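Notes follow the structure.
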Amino acid sequence: MAFQLPFKFGGASAPTPIDSRARQSKMMEYDQPLVWVVLLLMLLGMVMVYSASIALPDSPKFAAYSNTYFLNRQALFIGISAVAAVIVFRIPVATLQKASPYLFIATLVLLVLVLIPGIGIVVNGGRRWLPFRLGQPSEVMKLVMVIYAADYTVRKQEYMHKLTKGFLPMALAVSFVGLLLLLEPDLGAFGVIVCIAMGILFLGGVNAIWFGGIGAMLVTIFVSIIALSKFRRDRFFAYLNPWEEENALNKAYQLTHSLIAFGRGELMGVGLGGSVEKLHYLPEAHTDFLLAVIGEELGLAGVLVVIALFYWIVKRAFDIGRQAIAIDQTFAGLVAKGIGIWIGVQTFINMGVNLGLLPTKGLTLPLMSYGGSGVLINCVGLAILLRIDYENRVLMRGGRI
């Protein structure tokens, strides 16, 4: 058996087995598989954004752009988001809980600012963007709602079975957010935020009668919004029968071409870069309908891989949340589960729209679709999830945060 000195002449001491195990333990304090899955989705998304957007400069609308314009910007967005995620990971969960009311108020201010003419930027008929490329406040509100709803549920735990002191204040806050979003208009973001708030309240033990009542009321509100808006009503009926000639050429144009893309892809796809629908047939192929390009080029196999990766993220978020609640970190647990609800609901809506299971609505595919504010907020939310898992591991080992 070879003998190894614990030091070497003229330099620092050699690493001992104990030091190696300590470094390995330090490295395993964060969820490495979760990080790799998120990176895989973002990098796959970047490749598919490049494939979906490479022909856009051929149209007059994007004539001034190069073929790699969207690829370069998406790579920049991912880099900025990664740096932001590393910074947010270092913020203790307790600090987020203390800051939750201020974050909520600040985001409400942003939602009001975006509605002011001269400040909010109108794109495709919606006033949703702030100037100087500051992004969409609605994306920020999705994450802030997770934090605020979790903090509210913890603070009002003893009143959650009462209407006036428990459920009603949160319902009014969500209603005010919904009013601001409908003025943009952004029905898709409102739907995601409502699901986040309702999901966290349900997990926090809200009274079942009030929960069922508000659920029925929300369904009534959404049906009324669709029924009273001719544009939304026409789009909804077009979704029910997309192949009718009038629908296929107008309100269901995106949906029919998305379905054609999936049909062309079959089991294994036509090959990366081989999509025909991205050649100015399918609008917003690099944003809302990126999954259709994935289905055409990578086939059912590629779509199933993407679904499996998102399922793994959502399941992991709920596992981390359940673990946090088990060690009496209720706020952290609700935030983790809220992030799982947010990613899961938005992914389901986007995929449902692409596949014709839901009416056409403009929601991006998390982590993958082109867009700076969406990728940034997704990464920040998942960094918070990693922080919760990190604190769980420290506390279970008897350490302190």
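By convention in this document, the chains of the structure tokens carry letters A, B, ... by their order, each chain's residues are numbered from 1, and ligands are numbered from 1 in the order they are shown.
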
Can you list every residue of range 337-361 of chain A that has an atom at most 10 Å from range 218-240 of chain A, with its nearest atom pair and the distance in Å to one decimal, using only C-alpha atoms, ordered by chain then number, as JSON lines?
{"residue": "A:Val353", "atom": "CA", "partner": "A:Tyr239", "partner_atom": "CA", "distance": 9.4}
{"residue": "A:Gly356", "atom": "CA", "partner": "A:Tyr239", "partner_atom": "CA", "distance": 7.2}
{"residue": "A:Leu357", "atom": "CA", "partner": "A:Tyr239", "partner_atom": "CA", "distance": 8.7}
{"residue": "A:Leu358", "atom": "CA", "partner": "A:Tyr239", "partner_atom": "CA", "distance": 7.6}
{"residue": "A:Pro359", "atom": "CA", "partner": "A:Tyr239", "partner_atom": "CA", "distance": 5.5}
{"residue": "A:Thr360", "atom": "CA", "partner": "A:Tyr239", "partner_atom": "CA", "distance": 7.1}
{"residue": "A:Lys361", "atom": "CA", "partner": "A:Arg235", "partner_atom": "CA", "distance": 9.3}

Give me, as a ChimeraX atom specification, all polymer residues having an atom no more than 12 Å from Gly302 in chain A, counting only C-alpha atoms and skipping those fewer than 4 positions away in the same chain. /A:41,44-45,48,262,265-272,291-298,306-309

C-alpha atoms of the current selection, written as an mmCIF file, in the first residue's frame:
data_model
loop_
_atom_site.group_PDB
_atom_site.id
_atom_site.type_symbol
_atom_site.label_atom_id
_atom_site.label_comp_id
_atom_site.auth_asym_id
_atom_site.auth_seq_id
_atom_site.Cartn_x
_atom_site.Cartn_y
_atom_site.Cartn_z
ATOM 1 C CA LEU A 41 -34.428 23.377 -21.751
ATOM 2 C CA LEU A 44 -32.744 23.509 -26.612
ATOM 3 C CA GLY A 45 -35.034 26.525 -26.712
ATOM 4 C CA MET A 48 -35.226 26.020 -31.755
ATOM 5 C CA PHE A 262 -47.399 18.634 -35.811
ATOM 6 C CA GLY A 265 -43.494 15.988 -37.881
ATOM 7 C CA GLU A 266 -45.109 12.600 -37.245
ATOM 8 C CA LEU A 267 -43.024 10.386 -34.935
ATOM 9 C CA MET A 268 -39.405 11.522 -35.428
ATOM 10 C CA GLY A 269 -39.796 14.859 -37.225
ATOM 11 C CA VAL A 270 -38.552 16.151 -40.569
ATOM 12 C CA GLY A 271 -35.145 17.024 -39.104
ATOM 13 C CA LEU A 272 -33.677 20.060 -37.390
ATOM 14 C CA LEU A 291 -43.632 23.919 -29.668
ATOM 15 C CA ALA A 292 -45.209 23.527 -33.119
ATOM 16 C CA VAL A 293 -41.772 23.989 -34.722
ATOM 17 C CA ILE A 294 -40.344 21.444 -32.256
ATOM 18 C CA GLY A 295 -43.126 19.034 -33.216
ATOM 19 C CA GLU A 296 -42.465 19.497 -36.930
ATOM 20 C CA GLU A 297 -38.679 19.226 -36.788
ATOM 21 C CA LEU A 298 -38.193 16.785 -33.890
ATOM 22 C CA VAL A 306 -39.858 18.516 -23.642
ATOM 23 C CA ILE A 307 -43.019 17.482 -21.757
ATOM 24 C CA ALA A 308 -41.004 15.046 -19.607
ATOM 25 C CA LEU A 309 -38.451 17.737 -18.682
#

*May I have all residues of range 111-317 of chain A that DSSP, computed from the backbone, assigns to helix (DSSP H, G or I), given as number ranges by chain?*
A: 111-113, 137-155, 157-159, 163-183, 187-203, 208-228, 230-240, 245-248, 253-265, 290-317

Restricting to only C-alpha atoms, whichever of A:Phe202, A:Trp129, A:Trp36, A:Phe190 is closest to Met160 in chain A is A:Phe202

Neighbours of Ser53 in chain A within 8 Å (only C-alpha atoms; same-chain residues fewer than 2 positions away dropped), as an mmCIF file with N, CA, C and O atoms, in the first residue's frame?
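This is the output file around-v5.cif:
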data_model
loop_
_atom_site.group_PDB
_atom_site.id
_atom_site.type_symbol
_atom_site.label_atom_id
_atom_site.label_comp_id
_atom_site.auth_asym_id
_atom_site.auth_seq_id
_atom_site.Cartn_x
_atom_site.Cartn_y
_atom_site.Cartn_z
ATOM 1 N N VAL A 49 -35.331 28.422 -31.267
ATOM 2 C CA VAL A 49 -35.608 29.822 -31.612
ATOM 3 C C VAL A 49 -34.822 30.212 -32.858
ATOM 4 O O VAL A 49 -35.334 30.886 -33.760
ATOM 5 N N TYR A 50 -33.571 29.774 -32.923
ATOM 6 C CA TYR A 50 -32.752 30.052 -34.113
ATOM 7 C C TYR A 50 -33.365 29.403 -35.355
ATOM 8 O O TYR A 50 -33.491 30.037 -36.415
ATOM 9 N N SER A 51 -33.778 28.151 -35.210
ATOM 10 C CA SER A 51 -34.375 27.451 -36.344
ATOM 11 C C SER A 51 -35.677 28.117 -36.779
ATOM 12 O O SER A 51 -35.938 28.271 -37.975
ATOM 13 N N ALA A 55 -35.592 32.379 -40.998
ATOM 14 C CA ALA A 55 -36.149 32.872 -42.264
ATOM 15 C C ALA A 55 -36.899 34.188 -42.112
ATOM 16 O O ALA A 55 -37.351 34.751 -43.111
ATOM 17 N N LEU A 56 -37.049 34.705 -40.892
ATOM 18 C CA LEU A 56 -37.826 35.926 -40.675
ATOM 19 C C LEU A 56 -37.285 37.143 -41.438
ATOM 20 O O LEU A 56 -38.073 37.962 -41.928
ATOM 21 N N ASN A 67 -29.927 37.034 -40.019
ATOM 22 C CA ASN A 67 -30.463 35.696 -39.764
ATOM 23 C C ASN A 67 -30.202 35.224 -38.338
ATOM 24 O O ASN A 67 -30.909 34.351 -37.826
ATOM 25 N N PHE A 70 -32.198 36.937 -33.686
ATOM 26 C CA PHE A 70 -32.938 36.380 -32.553
ATOM 27 C C PHE A 70 -32.086 35.374 -31.777
ATOM 28 O O PHE A 70 -32.221 35.269 -30.552
ATOM 29 N N LYS A 278 -42.473 27.337 -40.517
ATOM 30 C CA LYS A 278 -41.772 28.531 -40.034
ATOM 31 C C LYS A 278 -41.451 29.516 -41.158
ATOM 32 O O LYS A 278 -41.061 30.658 -40.895
ATOM 33 N N ALA A 285 -43.793 31.955 -34.674
ATOM 34 C CA ALA A 285 -43.230 30.607 -34.533
ATOM 35 C C ALA A 285 -42.106 30.563 -33.512
ATOM 36 O O ALA A 285 -41.856 29.514 -32.912
ATOM 37 N N HIS A 286 -41.399 31.675 -33.297
ATOM 38 C CA HIS A 286 -40.270 31.679 -32.359
ATOM 39 C C HIS A 286 -40.684 32.064 -30.942
ATOM 40 O O HIS A 286 -39.850 32.042 -30.035
#

query: Which one is closest to Glu277 in chain A: A:Met198, A:Ala52, A:Ala252, A:Tyr69? Count only C-alpha atoms.
result: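 Under the stated criterion, the closest residue is A:Ala52.
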
If you count only C-alpha atoms, which residues fall within 12 Å of Lys162 in chain A, apart from same-chain ones fewer than 3 positions away, as an mmCIF file with C-alpha atoms, in the first residue's frame?
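The result, written out as out37.cif:
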data_model
loop_
_atom_site.group_PDB
_atom_site.id
_atom_site.type_symbol
_atom_site.label_atom_id
_atom_site.label_comp_id
_atom_site.auth_asym_id
_atom_site.auth_seq_id
_atom_site.Cartn_x
_atom_site.Cartn_y
_atom_site.Cartn_z
ATOM 1 C CA LYS A 156 -53.366 34.833 7.926
ATOM 2 C CA GLN A 157 -53.219 31.120 8.706
ATOM 3 C CA GLU A 158 -55.597 31.371 11.675
ATOM 4 C CA TYR A 159 -58.139 33.300 9.583
ATOM 5 C CA LYS A 165 -60.336 38.366 7.446
ATOM 6 C CA GLY A 166 -58.904 35.482 5.466
ATOM 7 C CA PHE A 167 -60.113 34.956 1.930
ATOM 8 C CA LEU A 168 -61.658 38.286 0.915
ATOM 9 C CA PRO A 169 -58.543 40.556 1.176
ATOM 10 C CA MET A 170 -56.540 38.220 -1.070
ATOM 11 C CA GLY A 205 -55.908 25.413 3.885
ATOM 12 C CA VAL A 206 -58.508 27.932 2.729
ATOM 13 C CA ASN A 207 -62.128 27.147 3.535
ATOM 14 C CA ALA A 208 -63.404 24.650 0.942
ATOM 15 C CA ILE A 209 -66.786 26.392 0.582
ATOM 16 C CA TRP A 210 -65.223 29.787 -0.139
ATOM 17 C CA PHE A 211 -62.708 28.161 -2.467
#

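When only C-alpha atoms are used to compute distances to Leu76 in chain A, the closest of the residues A:Leu363, A:Ile54, A:Leu385, A:Leu43 turns out to be A:Leu43.
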
Glu29 in chain A surroundings by only C-alpha atoms, 8 Å radius, close-in-sequence under 6 positions cut, as a PyMOL selection string
chain A and resi 390+393-394

Return the single residue from A:Arg155, A:Lys315, A:Arg387, A:Arg400 that is closest to Ser100 in chain A, with distances computed using only C-alpha atoms.
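Checking each of A:Arg155, A:Lys315, A:Arg387, A:Arg400 against Ser100 in chain A, counting only C-alpha atoms, the winner is A:Arg155.
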
- Grab the CA of Ser66 in chain A to CA of Gly79 in chain A distance for me, in Å with one decimal place.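 Rounded to one decimal, the two atoms are 20.4 Å apart.
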
Subject >> Test item, strand (DSSP E) assignment across range 113-264 of chain A, answer as a ChimeraX atom specification >> reply: /A:121-123,126-129

Okay, now the selection with N, CA, C and O atoms, as a compact mmCIF listing (two decimals), in the first residue's frame?
# COMPACT_ATOMS: atom_id res chain seq x y z
N ILE A 121 -45.77 50.67 -24.01
CA ILE A 121 -45.54 50.46 -25.44
C ILE A 121 -46.55 49.47 -25.97
O ILE A 121 -46.76 48.40 -25.40
N VAL A 122 -47.20 49.83 -27.07
CA VAL A 122 -48.22 48.97 -27.69
C VAL A 122 -47.57 48.09 -28.75
O VAL A 122 -46.89 48.59 -29.65
N VAL A 123 -47.76 46.78 -28.62
CA VAL A 123 -47.26 45.81 -29.60
C VAL A 123 -48.39 44.83 -29.89
O VAL A 123 -48.96 44.24 -28.97
N GLY A 126 -51.65 45.20 -27.87
CA GLY A 126 -51.62 45.11 -26.42
C GLY A 126 -50.61 46.08 -25.83
O GLY A 126 -49.48 46.18 -26.31
N ARG A 127 -51.02 46.80 -24.77
CA ARG A 127 -50.11 47.72 -24.08
C ARG A 127 -49.53 46.99 -22.87
O ARG A 127 -50.04 47.07 -21.76
N ARG A 128 -48.43 46.27 -23.10
CA ARG A 128 -47.89 45.39 -22.06
C ARG A 128 -46.42 45.63 -21.75
O ARG A 128 -45.89 45.04 -20.82
N TRP A 129 -45.75 46.47 -22.52
CA TRP A 129 -44.30 46.60 -22.38
C TRP A 129 -43.92 47.98 -21.86
O TRP A 129 -44.55 48.99 -22.19

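Considering only C-alpha atoms, the residue among A:Gln346, A:Thr287, A:Asn392, A:Ser59 positioned nearest to Met368 in chain A is A:Thr287.
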
### d(CA of Phe104 in chain A, CA of Met145 in chain A) in Å
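Computed distance, CA of Phe104 in chain A to CA of Met145 in chain A, equals 7.2 Å.
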
Per residue of range 26-94 of chain A within 12 Å of range 318-334 of chain A, record the nearest atom pair and its distance in Å to one decimal, counting only C-alpha atoms, with rows in chain order and ascending residue number, as a Markdown table.
| residue | atom | partner | partner_atom | distance |
| --- | --- | --- | --- | --- |
| A:Tyr30 | CA | A:Ile320 | CA | 11.6 |
| A:Asp31 | CA | A:Ile320 | CA | 10.1 |
| A:Leu34 | CA | A:Ile320 | CA | 11.1 |
| A:Pro92 | CA | A:Ala332 | CA | 10.2 |
| A:Val93 | CA | A:Ala332 | CA | 6.7 |
| A:Ala94 | CA | A:Ala332 | CA | 8.4 |

Using only C-alpha atoms, the shortest atom-to-atom distance to Met42 in chain A among A:Ala82, A:Ile105, A:Ile384, A:Ala301 belongs to A:Ala82

Correct to one decimal, the distance CA of Val88 in chain A-CA of Phe176 in chain A is 27.8 Å
